[in-house]
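Source file: structure39.csv. Holds: CSV, C-alpha atoms.
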```
chain,number,residue,atom,x,y,z
A,9,MET,CA,64.0,7.5,72.9
A,10,ILE,CA,62.5,4.0,73.0
A,11,GLY,CA,64.9,1.5,74.6
A,12,LEU,CA,65.0,-2.1,75.8
A,13,THR,CA,63.2,-1.3,79.0
A,14,HIS,CA,60.1,0.0,77.2
A,15,TYR,CA,59.7,-3.4,75.4
A,16,LEU,CA,60.3,-5.3,78.6
A,17,VAL,CA,57.7,-3.4,80.5
A,18,LEU,CA,55.1,-3.9,77.7
A,19,ALA,CA,55.9,-7.6,77.6
A,20,ALA,CA,55.5,-7.7,81.4
A,21,ILE,CA,52.1,-6.1,81.1
A,22,LEU,CA,51.0,-8.6,78.5
A,23,PHE,CA,52.3,-11.5,80.5
A,24,VAL,CA,50.5,-10.4,83.7
A,25,LEU,CA,47.3,-9.9,81.8
A,26,GLY,CA,47.6,-13.4,80.4
A,27,LEU,CA,48.4,-14.8,83.8
A,28,PHE,CA,45.3,-13.1,85.2
A,29,ALA,CA,43.1,-14.7,82.5
A,30,VAL,CA,44.6,-18.1,83.2
A,31,LEU,CA,44.0,-17.7,86.9
A,32,THR,CA,40.5,-16.3,87.0
A,33,ARG,CA,38.6,-17.5,83.9
A,34,ARG,CA,36.5,-20.6,84.2
A,35,ASN,CA,36.0,-21.0,80.4
A,36,ALA,CA,38.7,-23.2,78.9
A,37,VAL,CA,38.9,-21.2,75.6
A,38,THR,CA,39.6,-18.0,77.5
A,39,VAL,CA,42.3,-19.8,79.5
A,40,LEU,CA,43.8,-20.7,76.1
A,41,MET,CA,43.7,-17.0,75.1
A,42,GLY,CA,45.6,-16.1,78.3
A,43,ILE,CA,48.3,-18.7,77.4
A,44,GLU,CA,48.6,-17.2,74.0
A,45,LEU,CA,49.0,-13.7,75.5
A,46,MET,CA,51.8,-15.1,77.8
A,47,LEU,CA,53.6,-16.7,74.8
A,48,ASN,CA,53.4,-13.4,72.9
A,49,ALA,CA,55.0,-11.6,75.8
A,50,GLY,CA,57.8,-14.1,75.9
A,51,ASN,CA,58.3,-13.7,72.2
A,52,LEU,CA,58.4,-9.9,72.5
A,53,ASN,CA,61.2,-10.3,75.1
A,54,LEU,CA,63.2,-12.6,72.8
A,55,VAL,CA,63.0,-10.2,69.8
A,56,ALA,CA,63.7,-7.2,72.0
A,57,PHE,CA,66.8,-8.8,73.5
A,58,ASN,CA,67.9,-9.9,70.1
A,59,HIS,CA,67.7,-6.3,68.8
A,60,TYR,CA,69.3,-4.5,71.8
A,61,ALA,CA,71.6,-6.9,73.4
A,62,GLY,CA,72.6,-9.5,70.8
A,63,SER,CA,74.1,-10.0,67.4
A,64,GLY,CA,72.7,-12.0,64.5
A,65,VAL,CA,69.2,-13.2,64.3
A,66,ASP,CA,69.2,-16.2,66.8
A,67,GLY,CA,66.5,-14.6,69.0
A,68,GLN,CA,64.2,-14.1,66.1
A,69,ILE,CA,64.6,-17.7,65.0
A,70,PHE,CA,63.9,-18.8,68.5
A,71,ALA,CA,60.7,-16.7,68.5
A,72,LEU,CA,59.8,-18.2,65.1
A,73,PHE,CA,59.9,-21.7,66.6
A,74,VAL,CA,57.9,-20.5,69.6
A,75,ILE,CA,55.2,-19.2,67.2
A,76,VAL,CA,55.0,-22.6,65.4
A,77,LEU,CA,54.9,-24.5,68.8
A,78,ALA,CA,52.1,-22.2,70.0
A,79,ALA,CA,50.1,-23.0,66.9
A,80,ALA,CA,50.6,-26.7,67.4
A,81,GLU,CA,49.7,-26.3,71.1
A,82,ALA,CA,46.5,-24.4,70.2
A,83,ALA,CA,45.4,-27.1,67.7
A,84,VAL,CA,45.9,-30.0,70.2
A,85,ALA,CA,44.3,-28.0,73.0
A,86,LEU,CA,41.2,-27.3,71.0
A,87,ALA,CA,40.9,-30.9,70.0
A,88,ILE,CA,41.0,-31.9,73.7
A,89,LEU,CA,38.4,-29.2,74.4
A,90,LEU,CA,36.1,-30.7,71.8
A,91,SER,CA,36.5,-34.1,73.3
A,92,ILE,CA,35.8,-32.7,76.8
A,93,TYR,CA,32.7,-30.9,75.5
A,94,ARG,CA,31.3,-34.1,74.0
A,95,THR,CA,31.8,-35.9,77.4
A,96,PHE,CA,30.7,-33.2,79.8
A,97,LYS,CA,28.6,-30.8,77.7
A,98,HIS,CA,30.5,-27.9,79.1
A,99,ILE,CA,34.1,-26.7,79.3
A,100,ALA,CA,34.2,-24.9,82.6
A,101,VAL,CA,37.6,-25.9,84.0
A,102,ASP,CA,36.6,-25.8,87.6
A,103,ASP,CA,34.0,-28.6,87.1
A,104,ILE,CA,36.2,-31.0,85.2
A,105,HIS,CA,37.5,-33.2,88.0
A,106,LEU,CA,37.0,-36.7,86.8
A,107,LEU,CA,40.4,-37.8,88.1
A,108,ARG,CA,39.8,-36.5,91.6
A,109,GLY,CA,40.1,-39.4,94.1
B,1,MET,CA,66.8,14.5,64.2
B,2,SER,CA,65.3,15.0,67.6
B,3,LEU,CA,61.9,15.7,66.0
B,4,GLU,CA,62.1,12.4,64.1
B,5,SER,CA,63.0,10.5,67.3
B,6,GLY,CA,60.2,12.3,69.1
B,7,ALA,CA,57.7,11.2,66.5
B,8,HIS,CA,59.1,7.7,66.7
B,9,THR,CA,58.5,7.7,70.5
B,10,VAL,CA,54.9,9.0,70.1
B,11,ILE,CA,54.1,6.4,67.5
B,12,TRP,CA,55.6,3.7,69.6
B,13,TYR,CA,53.5,4.7,72.6
B,14,CYS,CA,50.3,4.7,70.4
B,15,PHE,CA,51.0,1.1,69.3
B,16,ALA,CA,52.0,0.0,72.7
B,17,PHE,CA,48.8,1.4,74.1
B,18,LEU,CA,46.8,-0.4,71.4
B,19,THR,CA,48.5,-3.7,72.3
B,20,ALA,CA,48.1,-3.4,76.1
B,21,GLY,CA,44.6,-2.0,75.9
B,22,SER,CA,43.3,-4.7,73.6
B,23,ALA,CA,45.0,-7.3,75.8
B,24,ALA,CA,43.2,-5.9,78.8
B,25,TYR,CA,39.9,-6.0,76.9
B,26,VAL,CA,40.5,-9.7,76.1
B,27,VAL,CA,41.0,-10.4,79.8
B,28,LEU,CA,38.2,-8.2,81.1
B,29,THR,CA,35.3,-8.6,78.7
B,30,ARG,CA,32.3,-10.8,79.4
B,31,ASN,CA,31.6,-11.7,75.7
B,32,ILE,CA,33.9,-14.5,74.5
B,33,VAL,CA,33.6,-13.6,70.8
B,34,ARG,CA,34.6,-10.0,71.5
B,35,ALA,CA,37.5,-11.4,73.4
B,36,ALA,CA,38.6,-13.4,70.4
B,37,PHE,CA,38.4,-10.3,68.1
B,38,ALA,CA,40.3,-8.1,70.6
B,39,LEU,CA,42.9,-10.8,70.6
B,40,VAL,CA,43.4,-10.2,66.9
B,41,ALA,CA,44.1,-6.5,67.7
B,42,THR,CA,46.7,-7.6,70.4
B,43,PHE,CA,48.4,-10.0,67.9
B,44,ILE,CA,48.6,-7.2,65.3
B,45,GLY,CA,49.9,-4.8,68.0
B,46,VAL,CA,52.7,-7.3,68.9
B,47,ALA,CA,53.5,-7.5,65.1
B,48,THR,CA,53.9,-3.8,65.0
B,49,GLN,CA,56.3,-4.1,68.0
B,50,TYR,CA,58.3,-6.6,65.9
B,51,LEU,CA,58.4,-4.0,63.1
B,52,PHE,CA,59.8,-1.4,65.5
B,53,LEU,CA,62.5,-4.0,66.4
B,54,GLN,CA,63.3,-4.5,62.7
B,55,ALA,CA,62.1,-8.1,62.7
B,56,ASP,CA,60.0,-7.8,59.5
B,57,PHE,CA,59.8,-11.5,58.7
B,58,LEU,CA,58.7,-12.3,62.2
B,59,ALA,CA,56.0,-9.5,62.0
B,60,ALA,CA,54.6,-11.1,58.8
B,61,ALA,CA,54.7,-14.6,60.4
B,62,GLN,CA,52.9,-13.2,63.5
B,63,VAL,CA,50.1,-11.7,61.4
B,64,LEU,CA,49.7,-14.9,59.3
B,65,ILE,CA,49.9,-17.5,62.1
B,66,TYR,CA,48.5,-15.7,65.1
B,67,ALA,CA,46.1,-13.2,63.7
B,68,GLY,CA,45.1,-15.5,60.8
B,69,GLY,CA,45.4,-19.0,62.1
B,70,ILE,CA,45.2,-19.3,65.8
B,71,THR,CA,42.3,-16.8,66.1
B,72,VAL,CA,40.3,-18.8,63.6
B,73,LEU,CA,41.1,-21.9,65.6
B,74,LEU,CA,40.0,-20.2,68.8
B,75,LEU,CA,36.8,-19.0,67.2
B,76,PHE,CA,36.0,-22.5,65.9
B,77,GLY,CA,36.6,-23.7,69.5
B,78,VAL,CA,34.2,-21.1,70.8
B,79,MET,CA,31.5,-22.0,68.2
B,80,LEU,CA,31.8,-25.7,68.7
B,81,THR,CA,31.8,-25.7,72.5
B,82,HIS,CA,29.0,-23.1,73.2
B,83,ARG,CA,25.3,-23.2,72.4
B,84,VAL,CA,25.0,-20.4,69.9
B,85,GLN,CA,21.2,-20.2,70.2
B,86,GLY,CA,21.0,-19.4,73.8
B,87,MET,CA,23.1,-16.7,75.5
B,88,GLU,CA,25.8,-19.2,76.4
B,89,MET,CA,28.4,-17.0,74.7
B,90,ARG,CA,28.6,-14.9,77.9
B,91,LEU,CA,31.3,-15.6,80.3
B,92,GLU,CA,30.6,-15.9,84.0
B,93,PRO,CA,31.8,-13.0,86.2
B,94,VAL,CA,35.3,-13.7,87.4
B,95,LYS,CA,36.2,-14.1,91.1
B,96,ALA,CA,39.0,-11.7,90.7
B,97,VAL,CA,40.6,-10.9,94.1
B,98,PRO,CA,43.2,-13.7,94.4
B,99,GLY,CA,44.0,-13.5,90.7
B,100,VAL,CA,44.5,-9.7,90.9
B,101,LEU,CA,46.8,-10.2,93.9
B,102,VAL,CA,48.9,-12.9,92.2
B,103,ALA,CA,49.1,-10.9,88.9
B,104,LEU,CA,50.1,-7.7,90.7
B,105,GLY,CA,52.7,-9.5,92.7
B,106,PHE,CA,54.1,-10.9,89.4
B,107,LEU,CA,54.1,-7.5,87.8
B,108,VAL,CA,56.0,-6.0,90.8
B,109,ALA,CA,58.5,-8.8,90.7
B,110,ILE,CA,59.2,-8.5,87.0
B,111,GLY,CA,59.4,-4.7,87.3
B,112,ALA,CA,61.9,-4.9,90.2
B,113,ALA,CA,64.0,-7.4,88.1
B,114,ILE,CA,63.9,-5.1,85.1
B,115,SER,CA,64.9,-2.0,87.0
B,116,ARG,CA,67.8,-3.7,88.8
B,117,ALA,CA,69.2,-5.7,86.0
B,118,ASP,CA,72.4,-4.6,84.3
B,119,TRP,CA,72.0,-5.5,80.6
B,120,HIS,CA,75.1,-5.6,78.4
B,121,LEU,CA,73.6,-3.6,75.7
B,122,VAL,CA,75.0,-3.1,72.2
B,123,THR,CA,74.1,-0.3,69.9
B,124,PRO,CA,71.4,-1.7,67.6
B,125,VAL,CA,72.4,-1.9,63.9
B,126,ASP,CA,70.0,-0.2,61.5
B,127,SER,CA,69.2,-2.9,59.0
B,128,SER,CA,66.8,-2.7,56.1
B,129,GLY,CA,65.2,-6.0,57.2
B,130,THR,CA,66.3,-9.4,58.4
B,131,THR,CA,64.4,-11.8,56.2
B,132,ALA,CA,67.4,-12.9,54.2
B,133,LEU,CA,69.4,-13.3,57.4
B,134,VAL,CA,66.7,-15.4,59.0
B,135,GLY,CA,66.3,-17.6,56.0
B,136,GLU,CA,70.1,-18.2,55.8
B,137,ALA,CA,70.3,-19.0,59.5
B,138,ILE,CA,67.4,-21.5,59.3
B,139,MET,CA,68.9,-23.3,56.3
B,140,THR,CA,72.4,-23.5,57.9
B,141,HIS,CA,72.8,-23.4,61.7
B,142,HIS,CA,69.2,-24.3,62.6
B,143,LEU,CA,68.4,-26.9,59.9
B,144,LEU,CA,67.9,-29.8,62.4
B,145,PRO,CA,65.2,-28.1,64.5
B,146,PHE,CA,63.6,-26.8,61.3
B,147,GLU,CA,63.2,-30.3,60.0
B,148,GLU,CA,62.1,-31.6,63.4
B,149,ILE,CA,59.4,-28.9,63.4
B,150,SER,CA,57.9,-30.5,60.2
B,151,VAL,CA,57.8,-33.9,61.9
B,152,LEU,CA,56.1,-32.2,65.0
B,153,LEU,CA,53.5,-30.5,62.8
B,154,LEU,CA,52.6,-33.9,61.1
B,155,VAL,CA,52.3,-35.5,64.5
B,156,VAL,CA,50.1,-32.6,65.8
B,157,LEU,CA,47.9,-32.9,62.7
B,158,VAL,CA,47.3,-36.6,63.1
B,159,GLY,CA,47.0,-36.3,66.9
B,160,ALA,CA,44.5,-33.5,66.9
B,161,LEU,CA,42.3,-35.4,64.4
B,162,PHE,CA,42.6,-38.5,66.5
B,163,ILE,CA,41.6,-36.8,69.7
B,164,ALA,CA,38.8,-34.8,68.2
B,165,ARG,CA,37.3,-37.6,66.1
B,166,PRO,CA,33.6,-38.4,66.8
B,167,GLY,CA,32.7,-41.4,68.8
B,168,HIS,CA,36.0,-41.4,70.7
B,169,SER,CA,34.9,-39.6,73.8
B,170,GLN,CA,31.3,-40.7,73.6
B,171,SER,CA,32.3,-44.3,74.2
B,172,ALA,CA,34.5,-43.1,77.0
B,173,GLY,CA,31.5,-41.4,78.5
B,174,GLU,CA,29.3,-44.5,78.2
B,175,ASP,CA,31.9,-46.5,80.1
B,176,GLU,CA,31.2,-44.6,83.3
```
What do you get writing this file as structure tokens?
Amino acid sequence: MIGLTHYLVLAAILFVLGLFAVLTRRNAVTVLMGIELMLNAGNLNLVAFNHYAGSGVDGQIFALFVIVLAAAEAAVALAILLSIYRTFKHIAVDDIHLLRG
Amino acid sequence: MSLESGAHTVIWYCFAFLTAGSAAYVVLTRNIVRAAFALVATFIGVATQYLFLQADFLAAAQVLIYAGGITVLLLFGVMLTHRVQGMEMRLEPVKAVPGVLVALGFLVAIGAAISRADWHLVTPVDSSGTTALVGEAIMTHHLLPFEEISVLLLVVLVGALFIARPGHSQSAGEDE
């Protein structure tokens, strides 16, 4: 029977994969994809706890707000990436160090 | 009854494997467009997990916003920041060893926390869907954040246009 632990382990795997993408990728769009994976893992935890260890739908509403915030974050981040691309002609995150002293 | 729960378990593992496998493909592939399309599979897999958890409204929202909206945004980002004519769509090989170590450490830490924790579980109620409950809760207890979200979305709309508008960063580049 599928229990809470199954969902928590699946969410942990998704989170770690996203973390790996954020840590190792040089392309900023792929880093964004990793962040989206991590947000999805967090959402899955919220909904799983809401189902197995809570009452009402508060966890689902929290997850809904996280989805909206993730969409807003993706929009702003891609606008910033476009701006960076116009300035540097690339979006490799290792080579963008204009603020380094 | 046990046959039914056995089938439930098998189907759950199939969808969990789809979710985790496509997420691994997103992280490991060298082609960024393929990564974006594998991300759609991951989002739909997470939506099926929401369905298993009887969060049907959230599953629909996940498909609409993530699989529909955010993926299109990411693909636009890919197309606008890579030279499509050359082979610039390829990602560079990753320097993986420190990343693997940190990620595995995180996985072990989370696994230890999950195995040791003592959750106060309740028996899940079998409901035929929570859309009505979610709508009622948003319109009563969570009305203020709901309205604030609309203001935030307006600010994001204007802010993203302002940041991405042409000429803005070119003049900044000329100042150097």
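Nearest to Ile88 of chain A of all the residues B:Thr81, B:Phe146, B:Ala67, B:Ala16 is B:Thr81, based on all atoms listed in the file.
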* **For segment 52-64 of chain A: contacts at 8 Å, all atoms listed in the file, fewer than 5 positions along chain excluded, given as a VMD selection string** => (chain A and resid 11 to 12 15 to 16 19 70 to 71) or (chain B and resid 46 49 to 50 53 to 55 119 to 124 133)
* Work out how far apart atom CA of Val74 of chain A and atom CA of Phe76 of chain B are and give it in Å to one decimal. =>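 We find that atom CA of Val74 of chain A and atom CA of Phe76 of chain B lie 22.3 Å from each other.
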* Which is closest to Gly67 of chain A among B:Ala23, B:Ile70, B:Val134, B:Ala35, if we use all atoms listed in the file? -> B:Val134
Rows by chain and residue number, chain A within 7 Å of chain B, shortest pair, only C-alpha atoms, as a tab-separated table:
```
residue	atom	partner	partner_atom	distance
A:Met9	CA	B:Thr9	CA	6.0
A:Ile10	CA	B:Thr9	CA	6.0
A:Ala20	CA	B:Leu107	CA	6.6
A:Ile21	CA	B:Ala20	CA	6.9
A:Leu22	CA	B:Ala20	CA	6.4
A:Val24	CA	B:Ala103	CA	5.4
A:Leu25	CA	B:Ala24	CA	6.5
A:Leu27	CA	B:Ala103	CA	6.5
A:Phe28	CA	B:Gly99	CA	5.7
A:Ala29	CA	B:Val27	CA	5.5
A:Leu31	CA	B:Gly99	CA	5.7
A:Thr32	CA	B:Gly99	CA	5.8
A:Arg33	CA	B:Val94	CA	6.1
A:Val37	CA	B:Val78	CA	6.7
A:Ala56	CA	B:Leu53	CA	6.6
A:His59	CA	B:Pro124	CA	6.0
A:Tyr60	CA	B:Pro124	CA	5.5
A:Ala61	CA	B:Leu121	CA	4.5
A:Gly62	CA	B:Val122	CA	7.0
A:Val65	CA	B:Val134	CA	6.3
A:Gln68	CA	B:Leu58	CA	7.0
A:Ile69	CA	B:Val134	CA	6.8
A:Leu72	CA	B:Leu58	CA	6.7
A:Ala79	CA	B:Ile70	CA	6.2
A:Ala80	CA	B:Val156	CA	6.1
A:Ala82	CA	B:Ile70	CA	6.9
A:Ala83	CA	B:Ala160	CA	6.5
A:Val84	CA	B:Ala160	CA	5.0
A:Leu86	CA	B:Gly77	CA	6.0
A:Ala87	CA	B:Ala164	CA	4.8
A:Ile88	CA	B:Ile163	CA	6.4
A:Leu90	CA	B:Ala164	CA	6.1
A:Ser91	CA	B:Ala164	CA	5.6
A:Tyr93	CA	B:Thr81	CA	6.1
A:Arg94	CA	B:Ser169	CA	6.6
A:Thr95	CA	B:Gly173	CA	5.6
```
Quick one: residues within 9 Å of Val101 of chain A, all atoms listed in the file, excluding same-chain residues fewer than 5 positions away - as a PDB file with C-alpha atoms, keeping the file's coordinate frame?
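Result file follows (part26.pdb):
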```pdb
ATOM      1  CA  ARG A  33      38.600 -17.500  83.900  1.00  0.00           C
ATOM      2  CA  ARG A  34      36.500 -20.600  84.200  1.00  0.00           C
ATOM      3  CA  ASN A  35      36.000 -21.000  80.400  1.00  0.00           C
ATOM      4  CA  ALA A  36      38.700 -23.200  78.900  1.00  0.00           C
ATOM      5  CA  VAL A  39      42.300 -19.800  79.500  1.00  0.00           C
TER       6      VAL A  39
END
```
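Counting from atom CA of Asp103 of chain A, the distance to atom CA of Val40 of chain B is 28.9 Å.
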* **For atom CA of Ile11 of chain B and atom CA of Gly26 of chain A, the interatomic separation in Å (one decimal)** =>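 The value is 24.5 Å.
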* Asked: Quick one: residues within 8 Å of Val30 of chain A, all atoms listed in the file counted, chain neighbours fewer than 5 positions away excluded, as a list in words?
  ->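 Using all atoms listed in the file, the neighbours found are Thr38, Val39, Leu40, Gly42 and Ile43 of chain A.
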* Of the candidates B:Ala117, B:Leu18, B:Glu4, B:Val63, which one gets nearest to Ile75 of chain A if we count only C-alpha atoms? ->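 Answer, going by the shortest atom-to-atom distance: B:Val63.
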Pop segment 131-142 of chain B out of the structure in the block and write all heavy atoms as a PDB file, in the first residue's frame.
```pdb
ATOM      1  N   THR B 131     -12.139  20.243  -5.193  1.00  0.00           N
ATOM      2  CA  THR B 131     -12.221  21.535  -5.867  1.00  0.00           C
ATOM      3  C   THR B 131     -13.134  22.502  -5.120  1.00  0.00           C
ATOM      4  O   THR B 131     -12.775  23.667  -4.901  1.00  0.00           O
ATOM      5  CB  THR B 131     -12.729  21.341  -7.297  1.00  0.00           C
ATOM      6  OG1 THR B 131     -11.925  20.370  -7.932  1.00  0.00           O
ATOM      7  CG2 THR B 131     -12.652  22.631  -8.067  1.00  0.00           C
ATOM      8  N   ALA B 132     -14.303  22.016  -4.703  1.00  0.00           N
ATOM      9  CA  ALA B 132     -15.245  22.897  -4.008  1.00  0.00           C
ATOM     10  C   ALA B 132     -14.655  23.381  -2.684  1.00  0.00           C
ATOM     11  O   ALA B 132     -14.772  24.568  -2.336  1.00  0.00           O
ATOM     12  CB  ALA B 132     -16.553  22.150  -3.758  1.00  0.00           C
ATOM     13  N   LEU B 133     -13.971  22.468  -1.971  1.00  0.00           N
ATOM     14  CA  LEU B 133     -13.356  22.861  -0.694  1.00  0.00           C
ATOM     15  C   LEU B 133     -12.287  23.920  -0.907  1.00  0.00           C
ATOM     16  O   LEU B 133     -12.190  24.894  -0.159  1.00  0.00           O
ATOM     17  CB  LEU B 133     -12.755  21.629  -0.010  1.00  0.00           C
ATOM     18  CG  LEU B 133     -13.747  20.614   0.546  1.00  0.00           C
ATOM     19  CD1 LEU B 133     -13.008  19.385   1.044  1.00  0.00           C
ATOM     20  CD2 LEU B 133     -14.526  21.251   1.675  1.00  0.00           C
ATOM     21  N   VAL B 134     -11.461  23.727  -1.966  1.00  0.00           N
ATOM     22  CA  VAL B 134     -10.390  24.690  -2.230  1.00  0.00           C
ATOM     23  C   VAL B 134     -10.983  26.052  -2.561  1.00  0.00           C
ATOM     24  O   VAL B 134     -10.544  27.092  -2.040  1.00  0.00           O
ATOM     25  CB  VAL B 134      -9.496  24.180  -3.389  1.00  0.00           C
ATOM     26  CG1 VAL B 134      -8.578  25.277  -3.889  1.00  0.00           C
ATOM     27  CG2 VAL B 134      -8.677  22.999  -2.936  1.00  0.00           C
ATOM     28  N   GLY B 135     -12.013  26.071  -3.417  1.00  0.00           N
ATOM     29  CA  GLY B 135     -12.627  27.352  -3.780  1.00  0.00           C
ATOM     30  C   GLY B 135     -13.226  28.049  -2.572  1.00  0.00           C
ATOM     31  O   GLY B 135     -13.047  29.259  -2.381  1.00  0.00           O
ATOM     32  N   GLU B 136     -13.874  27.269  -1.711  1.00  0.00           N
ATOM     33  CA  GLU B 136     -14.482  27.862  -0.524  1.00  0.00           C
ATOM     34  C   GLU B 136     -13.414  28.442   0.401  1.00  0.00           C
ATOM     35  O   GLU B 136     -13.545  29.558   0.911  1.00  0.00           O
ATOM     36  CB  GLU B 136     -15.275  26.780   0.202  1.00  0.00           C
ATOM     37  CG  GLU B 136     -16.434  27.269   1.015  1.00  0.00           C
ATOM     38  CD  GLU B 136     -17.266  26.089   1.493  1.00  0.00           C
ATOM     39  OE1 GLU B 136     -17.924  25.445   0.656  1.00  0.00           O
ATOM     40  OE2 GLU B 136     -17.207  25.809   2.691  1.00  0.00           O
ATOM     41  N   ALA B 137     -12.324  27.681   0.596  1.00  0.00           N
ATOM     42  CA  ALA B 137     -11.272  28.155   1.500  1.00  0.00           C
ATOM     43  C   ALA B 137     -10.586  29.397   0.946  1.00  0.00           C
ATOM     44  O   ALA B 137     -10.257  30.328   1.698  1.00  0.00           O
ATOM     45  CB  ALA B 137     -10.243  27.051   1.721  1.00  0.00           C
ATOM     46  N   ILE B 138     -10.371  29.452  -0.387  1.00  0.00           N
ATOM     47  CA  ILE B 138      -9.722  30.635  -0.964  1.00  0.00           C
ATOM     48  C   ILE B 138     -10.603  31.859  -0.771  1.00  0.00           C
ATOM     49  O   ILE B 138     -10.119  32.945  -0.448  1.00  0.00           O
ATOM     50  CB  ILE B 138      -9.438  30.404  -2.469  1.00  0.00           C
ATOM     51  CG1 ILE B 138      -8.206  29.516  -2.635  1.00  0.00           C
ATOM     52  CG2 ILE B 138      -9.195  31.716  -3.187  1.00  0.00           C
ATOM     53  CD1 ILE B 138      -7.853  29.263  -4.072  1.00  0.00           C
ATOM     54  N   MET B 139     -11.914  31.680  -0.920  1.00  0.00           N
ATOM     55  CA  MET B 139     -12.806  32.832  -0.846  1.00  0.00           C
ATOM     56  C   MET B 139     -13.155  33.227   0.585  1.00  0.00           C
ATOM     57  O   MET B 139     -13.801  34.249   0.797  1.00  0.00           O
ATOM     58  CB  MET B 139     -14.089  32.538  -1.629  1.00  0.00           C
ATOM     59  CG  MET B 139     -13.934  32.767  -3.115  1.00  0.00           C
ATOM     60  SD  MET B 139     -13.497  34.476  -3.442  1.00  0.00           S
ATOM     61  CE  MET B 139     -12.633  34.318  -4.965  1.00  0.00           C
ATOM     62  N   THR B 140     -12.768  32.399   1.575  1.00  0.00           N
ATOM     63  CA  THR B 140     -13.078  32.783   2.954  1.00  0.00           C
ATOM     64  C   THR B 140     -11.804  33.012   3.767  1.00  0.00           C
ATOM     65  O   THR B 140     -11.429  34.153   4.009  1.00  0.00           O
ATOM     66  CB  THR B 140     -13.935  31.698   3.627  1.00  0.00           C
ATOM     67  OG1 THR B 140     -13.278  30.440   3.464  1.00  0.00           O
ATOM     68  CG2 THR B 140     -15.308  31.622   3.001  1.00  0.00           C
ATOM     69  N   HIS B 141     -11.081  31.938   4.118  1.00  0.00           N
ATOM     70  CA  HIS B 141      -9.944  32.094   5.024  1.00  0.00           C
ATOM     71  C   HIS B 141      -8.730  32.707   4.344  1.00  0.00           C
ATOM     72  O   HIS B 141      -7.926  33.369   4.978  1.00  0.00           O
ATOM     73  CB  HIS B 141      -9.557  30.726   5.614  1.00  0.00           C
ATOM     74  CG  HIS B 141     -10.534  30.219   6.611  1.00  0.00           C
ATOM     75  ND1 HIS B 141     -11.473  29.270   6.297  1.00  0.00           N
ATOM     76  CD2 HIS B 141     -10.747  30.554   7.906  1.00  0.00           C
ATOM     77  CE1 HIS B 141     -12.220  29.030   7.360  1.00  0.00           C
ATOM     78  NE2 HIS B 141     -11.802  29.789   8.353  1.00  0.00           N
ATOM     79  N   HIS B 142      -8.575  32.473   3.048  1.00  0.00           N
ATOM     80  CA  HIS B 142      -7.348  32.894   2.370  1.00  0.00           C
ATOM     81  C   HIS B 142      -7.624  33.998   1.361  1.00  0.00           C
ATOM     82  O   HIS B 142      -6.956  34.103   0.349  1.00  0.00           O
ATOM     83  CB  HIS B 142      -6.703  31.693   1.679  1.00  0.00           C
ATOM     84  CG  HIS B 142      -6.447  30.550   2.598  1.00  0.00           C
ATOM     85  ND1 HIS B 142      -5.338  30.495   3.420  1.00  0.00           N
ATOM     86  CD2 HIS B 142      -7.160  29.446   2.882  1.00  0.00           C
ATOM     87  CE1 HIS B 142      -5.386  29.397   4.140  1.00  0.00           C
ATOM     88  NE2 HIS B 142      -6.483  28.737   3.837  1.00  0.00           N
TER      89      HIS B 142
END
```
